[in-house]
Structures are given as C-alpha cells and as structure tokens.
$ cat data.tsv   # TSV, C-alpha atoms and all ligand atoms
chain	number	residue	atom	x	y	z
M	1	MET	CA	233.49	178.29	-35.62
M	2	GLU	CA	236.42	175.96	-35.14
M	3	LYS	CA	236.11	172.46	-36.60
M	4	LYS	CA	236.77	169.39	-34.45
M	5	ASP	CA	240.15	167.75	-34.78
M	6	ILE	CA	239.06	164.78	-36.90
M	7	ASP	CA	240.94	163.05	-39.73
M	8	TRP	CA	238.09	163.79	-42.15
M	9	GLY	CA	239.72	162.13	-45.15
M	10	ASN	CA	240.00	158.78	-43.41
M	11	LEU	CA	236.51	158.48	-41.94
M	12	GLY	CA	234.58	155.32	-42.68
M	13	PHE	CA	230.86	154.84	-42.19
M	14	SER	CA	230.71	154.39	-38.44
M	15	TYR	CA	229.26	156.16	-35.42
M	16	ILE	CA	231.14	159.00	-33.78
M	17	GLN	CA	229.24	160.67	-30.97
M	18	THR	CA	228.61	164.37	-31.53
M	19	ASP	CA	227.62	167.05	-29.01
M	20	GLN	CA	223.90	167.62	-29.40
M	21	ARG	CA	220.82	165.69	-30.48
M	22	TYR	CA	217.11	166.47	-30.65
M	23	VAL	CA	214.45	164.58	-28.66
M	24	SER	CA	210.69	164.83	-28.63
M	25	ASN	CA	208.24	162.56	-26.80
M	26	TYR	CA	204.71	161.60	-27.75
M	27	LYS	CA	202.26	160.98	-24.89
M	28	ASP	CA	198.48	161.29	-24.40
M	29	GLY	CA	198.02	161.83	-28.12
M	30	ALA	CA	200.44	164.74	-28.62
M	31	TRP	CA	204.13	165.48	-29.25
M	32	ASP	CA	205.85	167.67	-26.65
M	33	GLU	CA	207.76	170.76	-27.82
M	34	GLY	CA	211.11	168.89	-28.10
M	35	VAL	CA	214.54	169.68	-26.66
M	36	MET	CA	218.21	169.55	-27.60
M	37	THR	CA	220.27	167.37	-25.28
M	38	THR	CA	223.87	166.29	-24.81
M	39	ASP	CA	222.74	162.87	-23.54
M	40	GLY	CA	223.33	160.23	-26.20
M	41	ASN	CA	221.73	157.44	-24.16
M	42	VAL	CA	218.09	156.35	-24.21
M	43	VAL	CA	216.46	154.91	-21.09
M	44	ILE	CA	213.19	153.06	-21.69
M	45	ASN	CA	211.09	150.39	-20.02
M	46	GLU	CA	212.20	146.77	-20.45
M	47	CYS	CA	208.88	146.04	-22.16
M	48	ALA	CA	208.96	149.02	-24.61
M	49	GLY	CA	207.22	148.40	-27.93
M	50	VAL	CA	210.47	148.82	-29.83
M	51	LEU	CA	212.25	146.21	-27.71
M	52	GLN	CA	209.51	143.59	-27.93
M	53	TYR	CA	207.95	144.03	-31.36
M	54	SER	CA	210.47	146.23	-33.21
M	55	GLN	CA	208.11	149.17	-33.62
M	56	SER	CA	210.61	151.62	-35.08
M	57	CYS	CA	211.42	153.51	-38.23
M	58	PHE	CA	214.23	155.83	-39.27
M	59	GLU	CA	215.61	158.11	-41.95
M	60	GLY	CA	219.04	159.02	-43.28
M	61	LEU	CA	220.19	162.30	-44.83
M	62	LYS	CA	223.36	164.35	-44.92
M	63	ALA	CA	224.62	167.88	-44.32
M	64	TYR	CA	227.30	169.17	-46.68
M	65	THR	CA	229.75	172.08	-46.69
M	66	THR	CA	229.43	173.83	-50.03
M	67	GLU	CA	232.27	175.21	-52.11
M	68	ASP	CA	231.49	178.72	-50.81
M	69	GLY	CA	231.43	177.58	-47.16
M	70	ARG	CA	227.69	177.33	-46.47
M	71	ILE	CA	226.20	174.31	-44.69
M	72	VAL	CA	223.26	172.73	-46.49
M	73	THR	CA	221.02	169.66	-46.45
M	74	PHE	CA	219.67	167.90	-49.53
M	75	ARG	CA	215.89	167.52	-49.94
M	76	PRO	CA	215.13	166.96	-46.21
M	77	ASP	CA	211.44	167.52	-46.95
M	78	LEU	CA	211.39	164.18	-48.76
M	79	ASN	CA	212.87	162.42	-45.73
M	80	ALA	CA	210.14	163.98	-43.57
M	81	GLU	CA	207.48	162.75	-46.01
M	82	ARG	CA	208.94	159.25	-46.20
M	83	MET	CA	209.12	159.06	-42.41
M	84	GLU	CA	205.47	160.01	-42.33
M	85	GLN	CA	204.68	157.08	-44.64
M	86	SER	CA	206.80	154.73	-42.49
M	87	ALA	CA	205.00	155.87	-39.33
M	88	VAL	CA	201.55	155.37	-40.84
M	89	ARG	CA	202.39	151.81	-41.99
M	90	LEU	CA	203.77	150.94	-38.53
M	91	GLN	CA	200.81	152.42	-36.59
M	92	MET	CA	202.96	155.19	-35.16
M	93	PRO	CA	202.02	158.86	-34.80
M	94	VAL	CA	203.34	161.15	-37.53
M	95	PHE	CA	206.09	163.57	-36.54
M	96	PRO	CA	205.03	166.75	-38.38
M	97	LYS	CA	207.11	167.74	-41.41
M	98	GLU	CA	207.79	171.31	-40.21
M	99	ARG	CA	209.02	169.94	-36.88
M	100	PHE	CA	211.19	167.38	-38.66
M	101	LEU	CA	212.83	170.14	-40.72
M	102	GLU	CA	213.32	172.28	-37.64
M	103	ALA	CA	214.98	169.34	-35.83
M	104	VAL	CA	217.33	168.82	-38.80
M	105	ASP	CA	218.29	172.51	-38.80
M	106	LYS	CA	218.85	172.57	-35.03
M	107	VAL	CA	220.97	169.42	-34.90
M	108	VAL	CA	223.17	170.49	-37.82
M	109	ALA	CA	223.62	174.00	-36.40
M	110	ALA	CA	224.43	172.67	-32.92
M	111	ASN	CA	227.00	170.26	-34.36
M	112	ALA	CA	228.43	172.59	-37.00
M	113	ALA	CA	231.95	171.84	-35.76
M	114	TYR	CA	231.42	168.26	-36.94
M	115	VAL	CA	230.30	169.13	-40.47
M	116	PRO	CA	233.28	167.97	-42.56
M	117	PRO	CA	235.04	170.70	-44.56
M	118	TYR	CA	234.42	171.12	-48.28
M	119	GLY	CA	236.55	168.80	-50.35
M	120	SER	CA	237.33	166.38	-47.50
M	121	GLY	CA	235.21	163.60	-48.99
M	122	ALA	CA	233.25	163.32	-45.73
M	123	THR	CA	229.79	164.57	-44.76
M	124	LEU	CA	227.64	164.86	-41.64
M	125	TYR	CA	225.16	161.97	-41.62
M	126	LEU	CA	221.84	162.67	-39.91
M	127	ARG	CA	219.77	159.91	-38.41
M	128	PRO	CA	216.18	160.79	-37.46
M	129	TYR	CA	214.30	157.88	-35.89
M	130	MET	CA	211.25	157.05	-33.88
M	131	PHE	CA	210.22	154.15	-31.66
M	132	GLY	CA	207.47	152.84	-29.40
M	133	SER	CA	208.68	153.70	-25.90
M	134	ASP	CA	206.08	152.51	-23.40
M	135	ALA	CA	205.40	148.97	-22.22
M	136	VAL	CA	203.54	146.67	-24.60
M	137	ILE	CA	203.13	142.95	-23.97
M	138	GLY	CA	200.13	141.95	-26.07
M	139	VAL	CA	200.89	142.53	-29.77
M	140	LYS	CA	199.63	146.08	-30.34
M	141	PRO	CA	201.01	149.54	-31.11
M	142	ALA	CA	202.60	151.44	-28.23
M	143	ASP	CA	200.81	154.48	-26.74
M	144	GLU	CA	203.99	156.51	-26.27
M	145	TYR	CA	206.80	157.27	-28.72
M	146	GLN	CA	210.12	159.03	-28.92
M	147	PHE	CA	211.49	160.88	-31.95
M	148	ARG	CA	215.23	161.51	-31.91
M	149	LEU	CA	217.71	162.94	-34.37
M	150	PHE	CA	221.47	162.67	-34.02
M	151	ALA	CA	224.40	163.46	-36.29
M	152	THR	CA	227.65	161.63	-36.98
M	153	PRO	CA	230.42	162.51	-39.44
M	154	VAL	CA	230.95	159.82	-42.08
M	155	GLY	CA	233.13	158.89	-45.01
M	156	PRO	CA	232.27	156.43	-47.81
M	157	TYR	CA	229.81	153.60	-47.07
M	158	PHE	CA	231.94	151.07	-48.95
M	159	LYS	CA	235.67	150.96	-48.26
M	160	GLY	CA	237.50	152.26	-51.28
M	161	GLY	CA	234.85	154.89	-52.08
M	162	ALA	CA	234.52	155.04	-55.85
M	163	LYS	CA	236.12	151.62	-56.49
M	164	PRO	CA	233.68	149.14	-58.02
M	165	ILE	CA	232.30	146.52	-55.65
M	166	THR	CA	231.29	142.88	-56.06
M	167	ILE	CA	227.83	141.73	-55.05
M	168	ARG	CA	226.03	138.40	-55.01
M	169	VAL	CA	222.51	137.37	-55.86
M	170	CYS	CA	220.94	136.58	-52.49
M	171	ASP	CA	218.85	133.51	-51.67
M	172	TYR	CA	217.09	135.27	-48.80
M	173	ASP	CA	214.23	137.68	-49.36
M	174	ARG	CA	214.28	141.23	-48.08
M	175	ALA	CA	210.62	142.16	-48.43
M	176	ALA	CA	207.32	140.47	-49.19
M	177	PRO	CA	205.08	141.76	-52.03
M	178	HIS	CA	202.59	143.40	-49.66
M	179	GLY	CA	204.97	143.82	-46.74
M	180	THR	CA	207.13	146.70	-45.49
M	181	GLY	CA	209.88	146.93	-48.11
M	182	HIS	CA	208.69	150.35	-49.28
M	183	ILE	CA	209.10	151.99	-45.86
M	184	LYS	CA	212.16	152.53	-43.70
M	185	ALA	CA	211.25	150.18	-40.86
M	186	GLY	CA	214.05	148.98	-38.59
M	187	LEU	CA	212.69	145.45	-38.98
M	188	ASN	CA	213.68	145.40	-42.69
M	189	TYR	CA	217.29	145.84	-41.66
M	190	ALA	CA	217.15	143.25	-38.86
M	191	MET	CA	215.92	140.85	-41.57
M	192	SER	CA	218.97	141.59	-43.71
M	193	LEU	CA	221.68	141.03	-41.08
M	194	TYR	CA	222.01	137.28	-41.57
M	195	ALA	CA	222.26	137.72	-45.34
M	196	ILE	CA	224.81	140.54	-45.24
M	197	THR	CA	227.00	138.71	-42.72
M	198	GLU	CA	226.95	135.63	-44.95
M	199	ALA	CA	227.72	137.75	-48.03
M	200	HIS	CA	230.70	139.39	-46.30
M	201	ALA	CA	231.98	135.98	-45.12
M	202	GLN	CA	231.91	134.84	-48.75
M	203	GLY	CA	233.86	137.92	-49.86
M	204	PHE	CA	230.99	139.98	-51.31
M	205	ASP	CA	230.31	143.61	-50.51
M	206	GLU	CA	226.51	143.49	-50.75
M	207	ASN	CA	223.46	141.41	-51.65
M	208	MET	CA	221.27	141.82	-54.69
M	209	TYR	CA	217.75	140.95	-53.56
M	210	LEU	CA	215.29	139.58	-56.11
M	211	ASP	CA	211.51	139.92	-55.88
M	212	ALA	CA	210.20	137.46	-53.30
M	213	ALA	CA	207.21	136.30	-55.38
M	214	THR	CA	208.95	135.14	-58.56
M	215	ARG	CA	212.68	135.58	-57.93
M	216	THR	CA	213.08	136.82	-61.48
M	217	LYS	CA	213.22	140.60	-60.98
M	218	VAL	CA	215.87	142.84	-59.47
M	219	GLU	CA	214.76	144.66	-56.32
M	220	GLU	CA	217.51	146.45	-54.38
M	221	THR	CA	220.33	145.84	-51.92
M	222	GLY	CA	220.16	146.02	-48.13
M	223	GLY	CA	220.73	149.78	-48.14
M	224	ALA	CA	220.51	151.18	-51.68
M	225	ASN	CA	218.52	151.11	-54.93
M	226	PHE	CA	220.00	149.95	-58.24
M	227	LEU	CA	220.80	152.07	-61.27
M	228	PHE	CA	221.76	150.43	-64.55
M	229	VAL	CA	223.01	151.96	-67.77
M	230	THR	CA	222.24	150.28	-71.09
M	231	LYS	CA	224.81	149.98	-73.87
M	232	ASP	CA	223.06	152.88	-75.62
M	233	ASN	CA	223.37	155.11	-72.52
M	234	LYS	CA	219.86	154.87	-71.17
M	235	VAL	CA	219.53	154.97	-67.37
M	236	VAL	CA	217.27	152.23	-66.00
M	237	THR	CA	216.12	151.70	-62.42
M	238	PRO	CA	213.90	148.92	-61.05
M	239	LYS	CA	210.27	149.70	-60.32
M	240	SER	CA	208.73	147.72	-57.49
M	241	ASN	CA	206.26	148.26	-54.66
M	242	SER	CA	208.54	146.46	-52.24
M	243	ILE	CA	211.68	148.61	-52.52
M	244	LEU	CA	212.45	151.81	-50.66
M	245	PRO	CA	211.69	154.90	-52.78
M	246	SER	CA	215.24	156.25	-52.65
M	247	ILE	CA	215.53	160.02	-52.64
M	248	THR	CA	218.94	159.72	-54.28
M	249	ARG	CA	217.50	157.56	-57.06
M	250	ARG	CA	214.54	159.90	-57.63
M	251	SER	CA	216.98	162.82	-57.79
M	252	LEU	CA	219.31	160.98	-60.17
M	253	MET	CA	216.47	160.34	-62.60
M	254	VAL	CA	215.95	164.12	-62.77
M	255	VAL	CA	219.71	164.68	-63.11
M	256	ALA	CA	219.90	162.13	-65.95
M	257	ARG	CA	217.02	163.68	-67.89
M	258	GLU	CA	217.39	167.37	-67.16
M	259	TYR	CA	221.12	167.87	-66.63
M	260	LEU	CA	222.62	165.16	-68.81
M	261	GLY	CA	219.95	164.86	-71.51
M	262	LEU	CA	219.76	161.09	-71.08
M	263	GLU	CA	216.73	158.88	-71.32
M	264	ALA	CA	215.86	157.54	-67.87
M	265	GLU	CA	213.37	154.81	-67.21
M	266	GLU	CA	211.81	153.31	-64.08
M	267	ARG	CA	210.53	149.86	-64.96
M	268	GLU	CA	210.64	146.22	-63.95
M	269	VAL	CA	214.13	144.86	-64.50
M	270	TYR	CA	214.46	141.11	-65.02
M	271	PHE	CA	217.62	139.51	-63.68
M	272	ASP	CA	218.09	137.90	-67.08
M	273	GLU	CA	218.70	141.35	-68.62
M	274	VAL	CA	221.43	142.32	-66.19
M	275	LYS	CA	224.17	140.65	-68.27
M	276	ASP	CA	223.35	143.07	-71.11
M	277	PHE	CA	223.86	146.32	-69.16
M	278	ALA	CA	226.99	148.43	-69.57
M	279	GLU	CA	227.11	149.88	-66.03
M	280	CYS	CA	225.58	149.23	-62.63
M	281	GLY	CA	225.58	151.30	-59.48
M	282	LEU	CA	224.01	151.38	-56.01
M	283	CYS	CA	222.46	154.66	-55.04
M	284	GLY	CA	221.44	156.01	-51.68
M	285	THR	CA	222.31	158.66	-49.13
M	286	ALA	CA	225.04	156.52	-47.57
M	287	ALA	CA	226.11	154.85	-50.82
M	288	VAL	CA	225.88	158.08	-52.94
M	289	ILE	CA	226.54	156.11	-56.14
M	290	SER	CA	228.74	153.11	-55.57
M	291	PRO	CA	229.72	151.42	-58.82
M	292	VAL	CA	229.20	147.66	-59.12
M	293	GLY	CA	231.87	145.83	-61.15
M	294	LYS	CA	230.75	142.24	-60.75
M	295	ILE	CA	227.53	140.41	-59.88
M	296	VAL	CA	227.82	136.75	-58.90
M	297	ASP	CA	224.83	134.46	-59.26
M	298	HIS	CA	225.64	131.16	-57.55
M	299	GLY	CA	229.10	130.98	-59.05
M	300	LYS	CA	228.14	132.46	-62.41
M	301	GLU	CA	229.87	135.82	-62.85
M	302	ILE	CA	228.46	138.83	-64.63
M	303	CYS	CA	231.33	141.25	-65.20
M	304	LEU	CA	230.08	144.72	-66.10
M	305	PRO	CA	231.95	146.16	-69.10
M	306	SER	CA	232.87	149.20	-66.94
M	307	GLY	CA	235.27	146.87	-65.07
M	308	MET	CA	236.70	146.72	-61.56
M	309	GLU	CA	238.96	149.77	-61.68
M	310	LYS	CA	236.70	152.79	-62.03
M	311	MET	CA	233.13	154.01	-62.42
M	312	GLY	CA	231.60	153.69	-65.85
M	313	PRO	CA	231.35	156.97	-67.80
M	314	VAL	CA	227.61	157.55	-67.31
M	315	THR	CA	227.77	156.61	-63.62
M	316	ARG	CA	230.65	159.09	-63.27
M	317	LYS	CA	228.63	161.90	-64.87
M	318	LEU	CA	225.65	161.16	-62.64
M	319	TYR	CA	227.92	161.09	-59.58
M	320	ASP	CA	229.69	164.33	-60.46
M	321	THR	CA	226.46	166.15	-61.20
M	322	LEU	CA	224.65	164.96	-58.07
M	323	THR	CA	227.54	165.72	-55.74
M	324	GLY	CA	228.10	169.01	-57.60
M	325	ILE	CA	224.52	169.99	-56.77
M	326	GLN	CA	224.90	168.88	-53.16
M	327	MET	CA	228.15	170.81	-52.68
M	328	GLY	CA	226.94	173.94	-54.43
M	329	ARG	CA	229.16	173.69	-57.54
M	330	ILE	CA	226.17	173.17	-59.81
M	331	GLN	CA	222.87	175.07	-59.68
M	332	ALA	CA	220.26	172.89	-57.93
M	333	PRO	CA	216.67	172.52	-59.05
M	334	GLU	CA	214.29	174.75	-57.06
M	335	GLY	CA	213.77	173.48	-53.50
M	336	TRP	CA	216.48	170.80	-53.43
M	337	ILE	CA	218.92	172.58	-51.13
M	338	ARG	CA	218.11	173.83	-47.63
M	339	GLU	CA	220.66	176.15	-46.14
M	340	ILE	CA	221.31	175.92	-42.41
M	341	LYS	CA	221.82	179.15	-40.51
M	342	ILE	CA	224.71	178.82	-38.10
M	343	GLY	CA	224.89	180.83	-34.87
S	1	LIG	N1	217.12	151.30	-50.17
S	1	LIG	C1	217.32	151.00	-48.89
S	1	LIG	C2	216.91	149.65	-48.42
S	1	LIG	C3	217.89	151.95	-48.04
S	1	LIG	O1	218.09	151.68	-46.76
S	1	LIG	C4	218.26	153.21	-48.54
S	1	LIG	C5	218.85	154.23	-47.68
S	1	LIG	O2	218.22	155.12	-47.22
S	1	LIG	C6	218.04	153.46	-49.90
S	1	LIG	C7	217.47	152.49	-50.68
S	1	LIG	C8	218.41	154.78	-50.49
S	1	LIG	O3	217.49	155.76	-50.14
S	1	LIG	P1	217.91	157.30	-50.08
S	1	LIG	O4	218.46	157.63	-51.41
S	1	LIG	O5	216.63	158.00	-49.80
S	1	LIG	O6	218.91	157.41	-49.00
S	2	LIG	C1	221.04	155.64	-45.87
S	2	LIG	O1	221.59	155.60	-46.98
S	2	LIG	O2	220.81	156.70	-45.29
S	2	LIG	C2	220.62	154.42	-45.19
S	2	LIG	O3	219.83	154.50	-44.31
S	2	LIG	C3	221.20	153.14	-45.60
S	2	LIG	C4	221.85	152.42	-44.48
S	2	LIG	C5	222.26	151.08	-45.01
S	2	LIG	C6	223.01	153.15	-43.90
$ encode --input "data.tsv" --output "structure tokens"
Amino acid sequence: MEKKDIDWGNLGFSYIQTDQRYVSNYKDGAWDEGVMTTDGNVVINECAGVLQYSQSCFEGLKAYTTEDGRIVTFRPDLNAERMEQSAVRLQMPVFPKERFLEAVDKVVAANAAYVPPYGSGATLYLRPYMFGSDAVIGVKPADEYQFRLFATPVGPYFKGGAKPITIRVCDYDRAAPHGTGHIKAGLNYAMSLYAITEAHAQGFDENMYLDAATRTKVEETGGANFLFVTKDNKVVTPKSNSILPSITRRSLMVVAREYLGLEAEEREVYFDEVKDFAECGLCGTAAVISPVGKIVDHGKEICLPSGMEKMGPVTRKLYDTLTGIQMGRIQAPEGWIREIKIG
C-alpha cells in the first residue's frame, strides 16, 4: 500500500480530510448495521438535539505504525467503555463496544495510506463521536442519534513537541463537583473555549483548572490530565471525580510501577504543593506527555526544576516507555495493543 504524499514530520494537530469514515444511525430504539462512506459532511435537521442542547460526546485515540511495520491501536476497548459512560450520563443510547472496535478497525484499514510511517513523529488520530440528530425543541433527549468515526493524521498537540510549555492557573471553572467533568461531553470543551483563547492571548499554552468547589486542588487542563514527579522520584497524579479518567494517565501509572519500578500515587493534589514538585507534565492521547516548565498563578511564577529546555528525567523515561509500547519497541502488557489487519 502506497502512503499519501504528506510531509509527516511537519504535521501539527489539525484536521486533514481522509478517504473513508464510519457512520451508524440509531432510530426506533436500535442502531443500524453501519456503513463506510467517503462523505465527510453531515446533514441534519436545523432543530437537531446536538445543535440546540449540545447533546454530544466523543473519544480520541490513535493508530501507530510499529517498528516492524504493523498498524496498531492502543487500548481502544477503554475508549469504547468511556464512550459508554459518556452516553449514559448524557441520556444517549450506548454504541456497543464490539461495534466500536469494529468501526476503529475498519476506519484505520480503509485509511491505511494515511497512517504515518514509523519514526515520522506523526500518528493517525481517530475521532469517534455521537450526537442527537432528530429535532428537539423542548429540553429533552433526542430520539435519534448518529455515531461517526473519522481519522486524521496529526503531529504534536503543542507546537515544539517535547519542549516544555508554560501554563496559567485559570480563574474559570471547567467542571462542577457533580457535573460532567468525568465524561467526554462536547459541552465541556465549549465551556473551555473562552478560557483557552484568553490564555493564548496572554501568551500561555494551556490552563490549569482548579477544583470548582474550593479552588485549592489541581484538576486538569482543557485536554489532558496532570502528572507530577516529586523530588524523590514518586509519580503523583490528581484524583478527582470531576476530571476525565485519562487512558494515557492510567497507562502511565502502570508503566511507572511495573516498567520503571517507581512509586505512583493517585491522590488529591493541593495547588500549594505544586511549587515543591520536580517535574510536571500533561498527559493524554493528543498531548502524549507534554512537559510543563512553568506555571503562572496571577503573576507568581512556579518554575519547575526540570527547566524550559527539555523534559525532566522521569517524564522522559515515562514518555520513552509509553511510546515504546505504542510503537512496538517494548513488550506491551497483555491486551494493550490491537493489531489492525490491512487488506
Ligand atoms: N482530560 C481531558 C479533558 C481530555 O480531553 C483528554 C483527552 O482525551 C484527557 C484528559 C486525556 O485522556 P486520554 O489519555 O484518554 O486521551
Ligand atoms: C485527546 O487527547 O484525544 C483529546 O480529545 C483532547 C483534545 C483536546 C484534542
């Protein structure tokens, strides 16, 4: 299979239309059998539930070319499960896990020419999503839904890739204590657009959200969980019911303990402790692990000892091990890698 003529090494994180996507519709209480289509446009009623009341959720995962030339995805079963939890919380029908996995396989296989080559630094980002598609005017769940899954080749989420970024402590809240922060609802991201635009205008790369109830604890950023490293090399990640349970973060906790022999702890992290950490990173599918060099709290700077030039040593080991597993250089734990059959 011949790869597309794309400058893989210079891709950013933006949408490039690929050839095929998967679509399935839900009507009269059941999902149809689903089809692959070349049509990247969606036509829905002007009063569709998603357009009026934002009834939508999504996922994000990647396909990788391994060192020995296979194409694989990383823990797609966990994306299927998280999408199920998002759907339940948003009063949407569940798209069955086996069907989700089949859609992932089909879309990757059909767009194999867009899976970036091994070593290019790029990957094929997969975006499954679901929305209320029939007309709703009173506030209630839609009766009809569409599940879609498309693919787009991407490079690093933050320009500069592994260069440390600068973030600010944000005055806006991302998620309420008993709200929707723990699911991947589109509305959580609409909420964050004002804050991220303001952060960018002030020269910051991202926002650090604090817990909405007390504003004393670290939650997450708009699109990634936090990882900290203590001065005695312990990995610490915030525990909260209002952050997204990142698959990357859950995997990194296993990597830290079982591959690197480090202590790894999920617990409440008070903002007051942040100045004492040795390293900080943002972890997620898009972010992979993006090192944080500086955190600014209303003009007060916290400069991580790892500096602004490169990843700290523990972050680097976590990054190398995780990406090594994803690209087939390091043996993965049982069930983490799903190989896609091409052709
Ligand atoms: N937190 C938020 C708000 C996100 O949007 C994401 C991205 O999916 C993550 C964390 C990281 O989650 P994952 O590692 O499953 O991609
Ligand atoms: C992902 O990492 O897959 C996400 O959905 C985060 C988003 C900010 C791109």
$ closest_residue --input "data.tsv" --among "M:Ala113, M:Met83, M:Ala151, M:Met327" --to "ligand LIG 1 (chain S)" --atoms "only C-alpha atoms and all ligand atoms"
M:Met83
$ residues_near_ligand --input "data.tsv" --ligand "ligand LIG 1 (chain S)" --cutoff "8 Å" --atoms "only C-alpha atoms and all ligand atoms" --output "PyMOL selection string"
chain M and resi 59-61+79+181+184+188-189+220-225+243-250+283-288
$ closest_residue --input "data.tsv" --among "M:Asp77, M:Glu102, M:Glu206, M:Glu46" --to "ligand LIG 2 (chain S)" --atoms "all atoms listed in the file"
M:Glu206
$ closest_residue --input "data.tsv" --among "M:Lys310, M:Arg267, M:Arg148, M:Arg215" --to "Pro177 in chain M" --atoms "all atoms listed in the file"
M:Arg215
$ closest_residue --input "data.tsv" --among "M:Asp39, M:Asp134, M:Asp105, M:Glu84" --to "Tyr26 in chain M" --atoms "all atoms listed in the file"
M:Asp134
$ atom_distance --input "data.tsv" --atom1 "CA of Tyr209 in chain M" --atom2 "CA of Cys170 in chain M"
5.5 Å
$ residues_around --input "data.tsv" --residues "Leu322 in chain M" --least-positions-apart "4" --cutoff "8 Å" --atoms "only C-alpha atoms" --output "count of residues only"
5
$ closest_residue --input "data.tsv" --among "M:His200, M:Lys62, M:Lys275, M:His178" --to "Val154 in chain M" --atoms "all atoms listed in the file"
M:Lys62
$ axis_aligned_box --input "data.tsv" --around "ligand LIG 2 (chain S)" --padding-each-side "4 Å" --output "AutoDock Vina command-line options"
--center_x 221.4 --center_y 153.9 --center_z -45.4 --size_x 11.2 --size_y 13.6 --size_z 11.1
$ closest_residue --input "data.tsv" --among "M:Val23, M:Val42, M:Val94, M:Ala190" --to "ligand LIG 2 (chain S)" --atoms "all atoms listed in the file"
M:Ala190
$ residues_around --input "data.tsv" --residues "range 138-143 of chain M" --least-positions-apart "5" --cutoff "10 Å" --atoms "all atoms listed in the file" --output "VMD selection string"
chain M and resid 26 to 29 48 to 50 52 to 53 55 90 to 93 131 to 133
$ residues_around --input "data.tsv" --residues "range 294-296 of chain M" --least-positions-apart "2" --cutoff "12 Å" --atoms "all atoms listed in the file" --output "number ranges by chain"
M: 163-171, 199, 202-209, 218, 271, 274-275, 277-281, 291-292, 298-309
$ atom_distance --input "data.tsv" --atom1 "CA of Tyr22 in chain M" --atom2 "CA of Gly121 in chain M"
25.9 Å
$ atom_distance --input "data.tsv" --atom1 "CA of Lys231 in chain M" --atom2 "CA of Val314 in chain M"
10.4 Å
$ closest_atom_pairs --input "data.tsv" --of "range 155-214 of chain M" --to "range 12-17 of chain M" --cutoff "12 Å" --atoms "all atoms listed in the file" --output "tab-separated table"
residue	atom	partner	partner_atom	distance
M:Gly155	CA	M:Gly12	CA	4.5
M:Pro156	CA	M:Gly12	CA	5.7
M:Tyr157	CA	M:Phe13	CA	5.1
M:Phe158	CA	M:Phe13	CA	7.8
M:Lys159	CA	M:Gly12	CA	7.2
M:Gly160	CA	M:Gly12	CA	9.6
M:Gly161	CA	M:Gly12	CA	9.4
$ decode --input "data.tsv" --residues "range 171-184 of chain M" --atoms "N, CA, C and O atoms" --output "mmCIF file, in the first residue's frame"
data_model
loop_
_atom_site.group_PDB
_atom_site.id
_atom_site.type_symbol
_atom_site.label_atom_id
_atom_site.label_comp_id
_atom_site.auth_asym_id
_atom_site.auth_seq_id
_atom_site.Cartn_x
_atom_site.Cartn_y
_atom_site.Cartn_z
ATOM 1 N N ASP M 171 -8.930 31.245 36.135
ATOM 2 C CA ASP M 171 -9.989 31.730 37.025
ATOM 3 C C ASP M 171 -11.367 31.173 36.668
ATOM 4 O O ASP M 171 -12.313 31.342 37.427
ATOM 5 N N TYR M 172 -11.475 30.556 35.506
ATOM 6 C CA TYR M 172 -12.758 29.954 35.126
ATOM 7 C C TYR M 172 -12.755 28.494 35.551
ATOM 8 O O TYR M 172 -11.705 27.867 35.636
ATOM 9 N N ASP M 173 -13.949 27.965 35.803
ATOM 10 C CA ASP M 173 -14.044 26.547 36.158
ATOM 11 C C ASP M 173 -14.340 25.725 34.917
ATOM 12 O O ASP M 173 -15.042 26.169 34.015
ATOM 13 N N ARG M 174 -13.821 24.503 34.926
ATOM 14 C CA ARG M 174 -14.081 23.592 33.813
ATOM 15 C C ARG M 174 -15.276 22.699 34.099
ATOM 16 O O ARG M 174 -16.065 22.395 33.212
ATOM 17 N N ALA M 175 -15.390 22.246 35.351
ATOM 18 C CA ALA M 175 -16.400 21.239 35.668
ATOM 19 C C ALA M 175 -16.875 21.407 37.102
ATOM 20 O O ALA M 175 -16.071 21.691 37.990
ATOM 21 N N ALA M 176 -18.159 21.214 37.313
ATOM 22 C CA ALA M 176 -18.732 21.317 38.660
ATOM 23 C C ALA M 176 -18.546 19.984 39.397
ATOM 24 O O ALA M 176 -18.383 18.935 38.754
ATOM 25 N N PRO M 177 -18.581 19.999 40.737
ATOM 26 C CA PRO M 177 -18.342 18.770 41.501
ATOM 27 C C PRO M 177 -19.244 17.590 41.107
ATOM 28 O O PRO M 177 -18.790 16.469 41.062
ATOM 29 N N HIS M 178 -20.496 17.835 40.817
ATOM 30 C CA HIS M 178 -21.363 16.717 40.420
ATOM 31 C C HIS M 178 -21.835 16.873 38.973
ATOM 32 O O HIS M 178 -22.931 16.446 38.610
ATOM 33 N N GLY M 179 -20.991 17.489 38.175
ATOM 34 C CA GLY M 179 -21.347 17.790 36.783
ATOM 35 C C GLY M 179 -20.880 16.738 35.799
ATOM 36 O O GLY M 179 -20.995 15.531 36.056
ATOM 37 N N THR M 180 -20.279 17.189 34.684
ATOM 38 C CA THR M 180 -19.935 16.275 33.590
ATOM 39 C C THR M 180 -18.430 16.222 33.295
ATOM 40 O O THR M 180 -18.024 15.754 32.226
ATOM 41 N N GLY M 181 -17.620 16.677 34.250
ATOM 42 C CA GLY M 181 -16.169 16.705 34.010
ATOM 43 C C GLY M 181 -15.542 15.344 33.785
ATOM 44 O O GLY M 181 -14.503 15.229 33.145
ATOM 45 N N HIS M 182 -16.191 14.291 34.299
ATOM 46 C CA HIS M 182 -15.622 12.943 34.218
ATOM 47 C C HIS M 182 -15.995 12.215 32.931
ATOM 48 O O HIS M 182 -15.616 11.075 32.729
ATOM 49 N N ILE M 183 -16.794 12.849 32.088
ATOM 50 C CA ILE M 183 -17.138 12.225 30.794
ATOM 51 C C ILE M 183 -16.643 13.122 29.663
ATOM 52 O O ILE M 183 -16.298 14.283 29.897
ATOM 53 N N LYS M 184 -16.637 12.575 28.461
ATOM 54 C CA LYS M 184 -16.109 13.333 27.330
ATOM 55 C C LYS M 184 -17.269 13.931 26.534
ATOM 56 O O LYS M 184 -17.568 13.510 25.406
#
